[in-house]
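Here is start.csv, consisting of CSV, N, CA and C atoms:
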chain,number,residue,atom,x,y,z
I,1,MET,N,43.7,-39.0,72.2
I,1,MET,CA,43.9,-38.8,70.8
I,1,MET,C,45.4,-38.4,70.6
I,2,ALA,N,46.3,-39.1,71.0
I,2,ALA,CA,47.7,-38.8,70.8
I,2,ALA,C,48.0,-38.9,69.4
I,3,GLY,N,48.9,-38.0,68.9
I,3,GLY,CA,49.3,-38.0,67.5
I,3,GLY,C,48.4,-37.3,66.5
I,4,ARG,N,47.3,-36.8,67.0
I,4,ARG,CA,46.3,-36.2,66.0
I,4,ARG,C,46.3,-34.7,66.3
I,5,ALA,N,46.5,-33.9,65.3
I,5,ALA,CA,46.6,-32.5,65.4
I,5,ALA,C,45.2,-32.0,65.8
I,6,VAL,N,45.1,-31.0,66.7
I,6,VAL,CA,43.9,-30.5,67.2
I,6,VAL,C,43.2,-29.7,66.0
I,7,GLY,N,41.9,-30.0,65.8
I,7,GLY,CA,41.2,-29.3,64.8
I,7,GLY,C,41.3,-29.9,63.4
I,8,PHE,N,42.1,-31.0,63.3
I,8,PHE,CA,42.2,-31.6,62.0
I,8,PHE,C,41.6,-33.0,62.0
I,9,GLU,N,40.7,-33.3,61.2
I,9,GLU,CA,40.1,-34.6,61.1
I,9,GLU,C,40.8,-35.4,60.0
I,10,ASP,N,40.8,-36.7,60.1
I,10,ASP,CA,41.4,-37.5,59.0
I,10,ASP,C,40.5,-37.3,57.8
I,11,PRO,N,41.1,-37.2,56.6
I,11,PRO,CA,40.4,-37.1,55.4
I,11,PRO,C,39.6,-38.3,55.0
I,12,SER,N,38.5,-38.2,54.3
I,12,SER,CA,37.7,-39.4,53.9
I,12,SER,C,38.6,-40.3,52.9
I,13,GLY,N,38.1,-41.5,52.8
I,13,GLY,CA,38.8,-42.4,51.8
I,13,GLY,C,38.7,-41.9,50.4
I,14,GLU,N,37.6,-41.2,50.1
I,14,GLU,CA,37.4,-40.6,48.8
I,14,GLU,C,38.4,-39.5,48.5
I,15,VAL,N,38.7,-38.7,49.5
I,15,VAL,CA,39.6,-37.6,49.4
I,15,VAL,C,41.0,-38.2,49.2
I,16,LEU,N,41.4,-39.2,50.1
I,16,LEU,CA,42.7,-39.8,50.0
I,16,LEU,C,42.9,-40.4,48.6
I,17,ALA,N,41.9,-41.1,48.1
I,17,ALA,CA,42.0,-41.7,46.8
I,17,ALA,C,42.3,-40.7,45.7
I,18,ALA,N,41.5,-39.6,45.8
I,18,ALA,CA,41.7,-38.5,44.8
I,18,ALA,C,43.1,-37.9,44.9
I,19,ALA,N,43.6,-37.7,46.1
I,19,ALA,CA,45.0,-37.2,46.3
I,19,ALA,C,46.0,-38.2,45.8
I,20,ALA,N,45.8,-39.4,46.0
I,20,ALA,CA,46.8,-40.5,45.6
I,20,ALA,C,46.8,-40.5,44.0
I,21,HIS,N,45.6,-40.3,43.4
I,21,HIS,CA,45.6,-40.2,42.0
I,21,HIS,C,46.3,-39.0,41.4
I,22,SER,N,46.1,-37.9,42.1
I,22,SER,CA,46.8,-36.7,41.6
I,22,SER,C,48.3,-36.8,41.8
I,23,PHE,N,48.8,-37.3,42.9
I,23,PHE,CA,50.2,-37.5,43.2
I,23,PHE,C,50.7,-38.6,42.2
I,24,GLY,N,50.0,-39.6,41.9
I,24,GLY,CA,50.4,-40.6,40.9
I,24,GLY,C,50.7,-39.9,39.5
I,25,LEU,N,49.8,-39.0,39.1
I,25,LEU,CA,50.0,-38.3,37.9
I,25,LEU,C,51.3,-37.5,37.9
I,26,LEU,N,51.7,-36.9,39.1
I,26,LEU,CA,52.9,-36.1,39.2
I,26,LEU,C,54.1,-37.0,39.3
I,27,ALA,N,54.0,-38.3,39.4
I,27,ALA,CA,55.1,-39.2,39.5
I,27,ALA,C,55.8,-39.4,38.2
I,28,SER,N,55.3,-38.9,37.1
I,28,SER,CA,55.9,-38.9,35.8
I,28,SER,C,56.8,-37.7,35.7
I,29,SER,N,58.1,-37.8,35.4
I,29,SER,CA,59.0,-36.7,35.3
I,29,SER,C,58.6,-35.7,34.2
I,30,VAL,N,58.0,-36.2,33.1
I,30,VAL,CA,57.5,-35.3,32.0
I,30,VAL,C,56.3,-34.5,32.5
I,31,ARG,N,55.4,-35.1,33.2
I,31,ARG,CA,54.2,-34.4,33.7
I,31,ARG,C,54.6,-33.4,34.8
I,32,LEU,N,55.6,-33.8,35.6
I,32,LEU,CA,56.1,-32.9,36.6
I,32,LEU,C,56.8,-31.7,36.0
I,33,HIS,N,57.5,-32.0,34.9
I,33,HIS,CA,58.2,-30.9,34.2
I,33,HIS,C,57.2,-29.9,33.6
I,34,LEU,N,56.1,-30.5,33.0
I,34,LEU,CA,55.0,-29.7,32.5
I,34,LEU,C,54.4,-28.8,33.6
I,35,MET,N,54.2,-29.4,34.8
I,35,MET,CA,53.6,-28.6,35.9
I,35,MET,C,54.5,-27.5,36.3
I,36,TRP,N,55.9,-27.8,36.3
I,36,TRP,CA,56.8,-26.8,36.7
I,36,TRP,C,56.8,-25.7,35.7
I,37,ALA,N,56.7,-26.0,34.4
I,37,ALA,CA,56.7,-25.0,33.4
I,37,ALA,C,55.4,-24.1,33.5
I,38,LEU,N,54.3,-24.8,33.8
I,38,LEU,CA,53.0,-24.0,33.9
I,38,LEU,C,52.9,-23.3,35.2
I,39,ALA,N,53.7,-23.7,36.2
I,39,ALA,CA,53.7,-22.9,37.5
I,39,ALA,C,54.4,-21.6,37.3
I,40,GLN,N,55.2,-21.5,36.2
I,40,GLN,CA,55.9,-20.2,35.9
I,40,GLN,C,55.0,-19.3,35.1
I,41,GLY,N,53.9,-19.9,34.5
I,41,GLY,CA,53.0,-19.1,33.7
I,41,GLY,C,52.4,-19.9,32.6
I,42,GLU,N,51.3,-19.4,32.0
I,42,GLU,CA,50.6,-20.1,31.0
I,42,GLU,C,51.4,-20.3,29.7
I,43,CYS,N,51.1,-21.3,28.9
I,43,CYS,CA,51.9,-21.6,27.8
I,43,CYS,C,51.1,-22.5,26.8
I,44,ASP,N,51.3,-22.4,25.5
I,44,ASP,CA,50.6,-23.3,24.6
I,44,ASP,C,51.4,-24.6,24.4
I,45,VAL,N,50.7,-25.6,23.9
I,45,VAL,CA,51.3,-26.9,23.8
I,45,VAL,C,52.6,-27.0,23.0
I,46,THR,N,52.7,-26.2,22.0
I,46,THR,CA,53.9,-26.3,21.1
I,46,THR,C,55.1,-25.8,21.9
I,47,HIS,N,55.0,-24.7,22.7
I,47,HIS,CA,56.1,-24.2,23.5
I,47,HIS,C,56.4,-25.2,24.7
I,48,LEU,N,55.3,-25.8,25.2
I,48,LEU,CA,55.6,-26.8,26.3
I,48,LEU,C,56.3,-28.0,25.8
I,49,ALA,N,56.0,-28.4,24.6
I,49,ALA,CA,56.7,-29.6,24.0
I,49,ALA,C,58.2,-29.2,23.8
I,50,ASP,N,58.4,-28.1,23.3
I,50,ASP,CA,59.8,-27.6,23.1
I,50,ASP,C,60.5,-27.5,24.4
I,51,ARG,N,59.9,-27.0,25.4
I,51,ARG,CA,60.5,-26.8,26.7
I,51,ARG,C,60.9,-28.1,27.4
I,52,VAL,N,60.0,-29.1,27.3
I,52,VAL,CA,60.2,-30.4,28.0
I,52,VAL,C,60.9,-31.4,27.1
I,53,GLY,N,61.1,-31.0,25.9
I,53,GLY,CA,61.8,-31.9,25.0
I,53,GLY,C,61.0,-33.1,24.5
I,54,GLY,N,59.7,-33.0,24.5
I,54,GLY,CA,58.8,-34.1,24.1
I,54,GLY,C,58.2,-33.9,22.8
I,55,ALA,N,57.7,-35.0,22.2
I,55,ALA,CA,56.9,-34.9,21.0
I,55,ALA,C,55.6,-34.3,21.2
I,56,LEU,N,55.1,-33.5,20.3
I,56,LEU,CA,53.8,-32.8,20.5
I,56,LEU,C,52.7,-33.7,20.9
I,57,PRO,N,52.5,-34.9,20.2
I,57,PRO,CA,51.4,-35.7,20.5
I,57,PRO,C,51.5,-36.3,22.0
I,58,ALA,N,52.7,-36.6,22.4
I,58,ALA,CA,52.9,-37.2,23.7
I,58,ALA,C,52.6,-36.1,24.8
I,59,VAL,N,53.1,-34.9,24.5
I,59,VAL,CA,52.9,-33.8,25.5
I,59,VAL,C,51.4,-33.5,25.6
I,60,SER,N,50.7,-33.5,24.5
I,60,SER,CA,49.3,-33.3,24.5
I,60,SER,C,48.5,-34.4,25.3
I,61,GLN,N,49.0,-35.6,25.2
I,61,GLN,CA,48.4,-36.7,26.0
I,61,GLN,C,48.6,-36.5,27.5
I,62,HIS,N,49.8,-36.1,27.9
I,62,HIS,CA,50.2,-35.8,29.3
I,62,HIS,C,49.3,-34.6,29.8
I,63,LEU,N,49.2,-33.6,29.0
I,63,LEU,CA,48.3,-32.4,29.4
I,63,LEU,C,46.9,-32.8,29.5
I,64,ALA,N,46.4,-33.7,28.7
I,64,ALA,CA,45.0,-34.2,28.8
I,64,ALA,C,44.8,-34.9,30.1
I,65,LYS,N,45.7,-35.7,30.5
I,65,LYS,CA,45.6,-36.4,31.8
I,65,LYS,C,45.6,-35.4,32.9
I,66,LEU,N,46.5,-34.5,32.9
I,66,LEU,CA,46.6,-33.5,34.0
I,66,LEU,C,45.3,-32.6,34.0
I,67,LYS,N,44.7,-32.4,32.8
I,67,LYS,CA,43.5,-31.6,32.8
I,67,LYS,C,42.3,-32.4,33.3
I,68,LEU,N,42.2,-33.7,33.0
I,68,LEU,CA,41.2,-34.6,33.5
I,68,LEU,C,41.2,-34.7,35.0
I,69,ALA,N,42.4,-34.6,35.6
I,69,ALA,CA,42.6,-34.7,37.0
I,69,ALA,C,42.3,-33.3,37.7
I,70,GLY,N,42.1,-32.3,36.9
I,70,GLY,CA,41.9,-31.0,37.5
I,70,GLY,C,43.1,-30.2,37.9
I,71,LEU,N,44.3,-30.7,37.5
I,71,LEU,CA,45.5,-30.0,37.9
I,71,LEU,C,45.9,-28.9,37.0
I,72,VAL,N,45.4,-28.9,35.7
I,72,VAL,CA,45.6,-27.8,34.8
I,72,VAL,C,44.3,-27.5,34.1
I,73,ARG,N,44.2,-26.4,33.5
I,73,ARG,CA,43.1,-26.0,32.7
I,73,ARG,C,43.6,-25.5,31.3
I,74,SER,N,42.7,-25.3,30.4
I,74,SER,CA,43.1,-24.7,29.1
I,74,SER,C,42.0,-23.8,28.6
I,75,ARG,N,42.4,-23.0,27.6
I,75,ARG,CA,41.5,-22.2,26.9
I,75,ARG,C,42.0,-22.0,25.5
I,76,ARG,N,41.1,-21.8,24.6
I,76,ARG,CA,41.5,-21.6,23.2
I,76,ARG,C,41.7,-20.2,22.9
I,77,GLU,N,42.8,-19.9,22.2
I,77,GLU,CA,43.2,-18.6,21.7
I,77,GLU,C,43.4,-18.7,20.2
I,78,GLY,N,42.4,-18.5,19.4
I,78,GLY,CA,42.5,-18.7,18.0
I,78,GLY,C,42.7,-20.2,17.7
I,79,ARG,N,43.8,-20.5,17.1
I,79,ARG,CA,44.2,-21.9,16.8
I,79,ARG,C,45.0,-22.6,17.9
I,80,ARG,N,45.4,-21.8,18.9
I,80,ARG,CA,46.3,-22.3,19.9
I,80,ARG,C,45.4,-22.7,21.1
I,81,GLN,N,45.9,-23.8,21.8
I,81,GLN,CA,45.3,-24.2,23.1
I,81,GLN,C,46.3,-23.8,24.1
I,82,VAL,N,45.9,-22.9,25.0
I,82,VAL,CA,46.8,-22.4,26.1
I,82,VAL,C,46.5,-23.1,27.4
I,83,TYR,N,47.5,-23.6,28.0
I,83,TYR,CA,47.4,-24.3,29.3
I,83,TYR,C,47.8,-23.5,30.5
I,84,TYR,N,47.2,-23.7,31.6
I,84,TYR,CA,47.6,-22.9,32.8
I,84,TYR,C,47.2,-23.6,34.0
I,85,ILE,N,47.7,-23.3,35.2
I,85,ILE,CA,47.3,-23.8,36.5
I,85,ILE,C,46.6,-22.6,37.2
I,86,ASP,N,45.3,-22.8,37.5
I,86,ASP,CA,44.6,-21.7,38.2
I,86,ASP,C,44.4,-21.9,39.7
I,87,ASP,N,45.1,-22.9,40.2
I,87,ASP,CA,45.0,-23.2,41.7
I,87,ASP,C,46.4,-22.8,42.3
I,88,PRO,N,46.4,-21.7,43.1
I,88,PRO,CA,47.7,-21.3,43.6
I,88,PRO,C,48.3,-22.3,44.6
I,89,ASP,N,47.5,-23.2,45.2
I,89,ASP,CA,48.0,-24.2,46.0
I,89,ASP,C,48.8,-25.3,45.3
I,90,VAL,N,48.3,-25.6,44.1
I,90,VAL,CA,49.1,-26.6,43.2
I,90,VAL,C,50.4,-26.0,42.8
I,91,VAL,N,50.4,-24.7,42.4
I,91,VAL,CA,51.6,-24.0,42.0
I,91,VAL,C,52.6,-24.0,43.2
I,92,THR,N,52.1,-23.7,44.4
I,92,THR,CA,53.0,-23.7,45.6
I,92,THR,C,53.6,-25.1,45.8
I,93,LEU,N,52.7,-26.2,45.7
I,93,LEU,CA,53.2,-27.5,45.9
I,93,LEU,C,54.3,-27.9,45.0
I,94,VAL,N,54.1,-27.6,43.7
I,94,VAL,CA,55.2,-27.9,42.7
I,94,VAL,C,56.4,-27.1,43.0
I,95,ARG,N,56.3,-25.9,43.2
I,95,ARG,CA,57.5,-25.0,43.5
I,95,ARG,C,58.2,-25.4,44.7
I,96,VAL,N,57.5,-25.8,45.8
I,96,VAL,CA,58.2,-26.2,47.0
I,96,VAL,C,59.0,-27.5,46.8
I,97,ILE,N,58.3,-28.5,46.2
I,97,ILE,CA,59.0,-29.8,46.0
I,97,ILE,C,60.2,-29.6,45.1
I,98,ILE,N,60.1,-29.0,44.0
I,98,ILE,CA,61.2,-28.8,43.1
I,98,ILE,C,62.3,-27.9,43.7
I,99,GLY,N,61.8,-26.9,44.3
I,99,GLY,CA,62.8,-26.0,45.0
I,99,GLY,C,63.6,-26.6,46.0
I,100,GLN,N,63.0,-27.4,46.9
I,100,GLN,CA,63.7,-28.1,47.9
I,100,GLN,C,64.7,-29.1,47.4
I,101,LEU,N,64.3,-29.9,46.4
I,101,LEU,CA,65.3,-30.8,45.8
I,101,LEU,C,66.4,-30.1,45.0
I,102,THR,N,66.1,-29.0,44.4
I,102,THR,CA,67.1,-28.2,43.7
I,102,THR,C,68.1,-27.6,44.7
I,103,ALA,N,67.6,-27.0,45.8
I,103,ALA,CA,68.5,-26.5,46.8
I,103,ALA,C,69.4,-27.5,47.4
I,104,ARG,N,68.8,-28.7,47.7
I,104,ARG,CA,69.6,-29.7,48.3
I,104,ARG,C,70.7,-30.2,47.4
I,105,SER,N,70.4,-30.3,46.1
I,105,SER,CA,71.4,-30.8,45.2
I,105,SER,C,72.6,-29.8,45.1
I,106,TYR,N,72.3,-28.5,45.2
I,106,TYR,CA,73.3,-27.5,45.2
I,106,TYR,C,74.1,-27.5,46.5
I,107,GLN,N,73.4,-27.7,47.6
I,107,GLN,CA,74.1,-27.7,48.9
I,107,GLN,C,75.0,-28.9,49.1
I,108,ASP,N,74.6,-30.0,48.6
I,108,ASP,CA,75.3,-31.2,48.8
I,108,ASP,C,76.4,-31.4,47.7
I,109,SER,N,76.2,-30.7,46.6
I,109,SER,CA,77.1,-31.0,45.4
I,109,SER,C,77.1,-32.5,45.1
I,110,ALA,N,76.0,-33.1,45.2
I,110,ALA,CA,75.8,-34.5,45.0
I,110,ALA,C,74.6,-34.8,44.2
I,111,PRO,N,74.4,-36.0,43.8
I,111,PRO,CA,73.1,-36.3,43.1
I,111,PRO,C,71.9,-36.0,43.9
I,112,VAL,N,70.8,-35.7,43.3
I,112,VAL,CA,69.6,-35.4,44.0
I,112,VAL,C,69.1,-36.7,44.7
I,113,ARG,N,68.7,-36.5,46.0
I,113,ARG,CA,68.2,-37.6,46.8
I,113,ARG,C,66.8,-37.4,47.1
I,114,LEU,N,66.1,-38.4,47.6
I,114,LEU,CA,64.8,-38.3,48.0
I,114,LEU,C,64.7,-37.4,49.2
I,115,LEU,N,63.5,-36.8,49.3
I,115,LEU,CA,63.3,-35.9,50.5
I,115,LEU,C,63.5,-36.6,51.8
I,116,HIS,N,63.8,-35.9,52.8
I,116,HIS,CA,64.0,-36.4,54.2
I,116,HIS,C,65.3,-37.2,54.3
I,117,GLY,N,66.3,-36.9,53.4
I,117,GLY,CA,67.6,-37.5,53.5
I,117,GLY,C,67.7,-39.0,53.2
I,118,THR,N,66.6,-39.6,52.7
I,118,THR,CA,66.7,-41.0,52.4
I,118,THR,C,67.5,-41.1,51.0
I,119,SER,N,68.2,-42.1,50.9
I,119,SER,CA,69.0,-42.3,49.7
I,119,SER,C,68.5,-43.6,49.0
I,120,GLY,N,68.6,-43.6,47.6
I,120,GLY,CA,68.1,-44.7,46.8
I,120,GLY,C,69.2,-45.7,46.5
What would you get if you wrote out this structure as structure tokens?
Amino acid sequence: MAGRAVGFEDPSGEVLAAAAHSFGLLASSVRLHLMWALAQGECDVTHLADRVGGALPAVSQHLAKLKLAGLVRSRREGRRQVYYIDDPDVVTLVRVIIGQLTARSYQDSAPVRLLHGTSG
């Protein structure tokens, strides 16, 4: 069993498909920006739209997709819909990816490149 980590089984096809779907949703820069903002703390849709520079209806649609995928949750506070991430692993994932790319862009003083040193 060369190349396989001890104690780790390959995930099922169903799990891999679900992961691919979640990563696909994060492939949108707007949705990734929303996830970054929510990783900092909960926020209502109006403030999120202002923060990411998007139109309110478009941001609401992005949030609905993220919510359907289980990446974000929401609750009603009076007339406001407040969004948040309640999975610390998702917060960690977003922070690590964005943090790595940000650090590399500062270190290199060059345009952001893909992870692992590949260039586009």
Neighbour list for range 31-44 of chain I as a CSV table (one decimal) with N, CA and C atoms, in the frame of the given file, cut-off 9 Å, only C-alpha atoms, skip fewer than 5 positions in-chain:
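Result file follows (result.csv):
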chain,number,residue,atom,x,y,z
I,25,LEU,N,49.8,-39.0,39.1
I,25,LEU,CA,50.0,-38.3,37.9
I,25,LEU,C,51.3,-37.5,37.9
I,26,LEU,N,51.7,-36.9,39.1
I,26,LEU,CA,52.9,-36.1,39.2
I,26,LEU,C,54.1,-37.0,39.3
I,49,ALA,N,56.0,-28.4,24.6
I,49,ALA,CA,56.7,-29.6,24.0
I,49,ALA,C,58.2,-29.2,23.8
I,51,ARG,N,59.9,-27.0,25.4
I,51,ARG,CA,60.5,-26.8,26.7
I,51,ARG,C,60.9,-28.1,27.4
I,52,VAL,N,60.0,-29.1,27.3
I,52,VAL,CA,60.2,-30.4,28.0
I,52,VAL,C,60.9,-31.4,27.1
I,59,VAL,N,53.1,-34.9,24.5
I,59,VAL,CA,52.9,-33.8,25.5
I,59,VAL,C,51.4,-33.5,25.6
I,62,HIS,N,49.8,-36.1,27.9
I,62,HIS,CA,50.2,-35.8,29.3
I,62,HIS,C,49.3,-34.6,29.8
I,63,LEU,N,49.2,-33.6,29.0
I,63,LEU,CA,48.3,-32.4,29.4
I,63,LEU,C,46.9,-32.8,29.5
I,66,LEU,N,46.5,-34.5,32.9
I,66,LEU,CA,46.6,-33.5,34.0
I,66,LEU,C,45.3,-32.6,34.0
I,71,LEU,N,44.3,-30.7,37.5
I,71,LEU,CA,45.5,-30.0,37.9
I,71,LEU,C,45.9,-28.9,37.0
I,72,VAL,N,45.4,-28.9,35.7
I,72,VAL,CA,45.6,-27.8,34.8
I,72,VAL,C,44.3,-27.5,34.1
I,74,SER,N,42.7,-25.3,30.4
I,74,SER,CA,43.1,-24.7,29.1
I,74,SER,C,42.0,-23.8,28.6
I,80,ARG,N,45.4,-21.8,18.9
I,80,ARG,CA,46.3,-22.3,19.9
I,80,ARG,C,45.4,-22.7,21.1
I,81,GLN,N,45.9,-23.8,21.8
I,81,GLN,CA,45.3,-24.2,23.1
I,81,GLN,C,46.3,-23.8,24.1
I,82,VAL,N,45.9,-22.9,25.0
I,82,VAL,CA,46.8,-22.4,26.1
I,82,VAL,C,46.5,-23.1,27.4
I,83,TYR,N,47.5,-23.6,28.0
I,83,TYR,CA,47.4,-24.3,29.3
I,83,TYR,C,47.8,-23.5,30.5
I,84,TYR,N,47.2,-23.7,31.6
I,84,TYR,CA,47.6,-22.9,32.8
I,84,TYR,C,47.2,-23.6,34.0
I,85,ILE,N,47.7,-23.3,35.2
I,85,ILE,CA,47.3,-23.8,36.5
I,85,ILE,C,46.6,-22.6,37.2
I,88,PRO,N,46.4,-21.7,43.1
I,88,PRO,CA,47.7,-21.3,43.6
I,88,PRO,C,48.3,-22.3,44.6
I,90,VAL,N,48.3,-25.6,44.1
I,90,VAL,CA,49.1,-26.6,43.2
I,90,VAL,C,50.4,-26.0,42.8
I,91,VAL,N,50.4,-24.7,42.4
I,91,VAL,CA,51.6,-24.0,42.0
I,91,VAL,C,52.6,-24.0,43.2
I,92,THR,N,52.1,-23.7,44.4
I,92,THR,CA,53.0,-23.7,45.6
I,92,THR,C,53.6,-25.1,45.8
I,94,VAL,N,54.1,-27.6,43.7
I,94,VAL,CA,55.2,-27.9,42.7
I,94,VAL,C,56.4,-27.1,43.0
I,95,ARG,N,56.3,-25.9,43.2
I,95,ARG,CA,57.5,-25.0,43.5
I,95,ARG,C,58.2,-25.4,44.7
I,98,ILE,N,60.1,-29.0,44.0
I,98,ILE,CA,61.2,-28.8,43.1
I,98,ILE,C,62.3,-27.9,43.7
Using backbone DSSP assignments, extract all alpha helix (DSSP H) residues from chain I; output them as a PyMOL selection string. chain I and resi 13-25+29-40+45-52+56-68+88-108
Just to confirm, what's the straight-line distance from atom N of Asp108 in chain I to atom N of Val96 in chain I in Å (one decimal)? 17.8 Å
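Computed from the coordinates, the atom C of Asp89 in chain I to CA of His21 in chain I distance equals 15.6 Å.
Comparing I:Gln100, I:Gln61, I:Asp86, I:Ala55 by their smallest distance to Arg73 in chain I, the closest is I:Asp86 (using all atoms listed in the file).
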Give the answer as one residue: which of I:Val45, I:Pro11, I:Leu16, I:Gly53 has the shortest atom-to-atom distance to Val30 in chain I, using only C-alpha atoms? I:Gly53
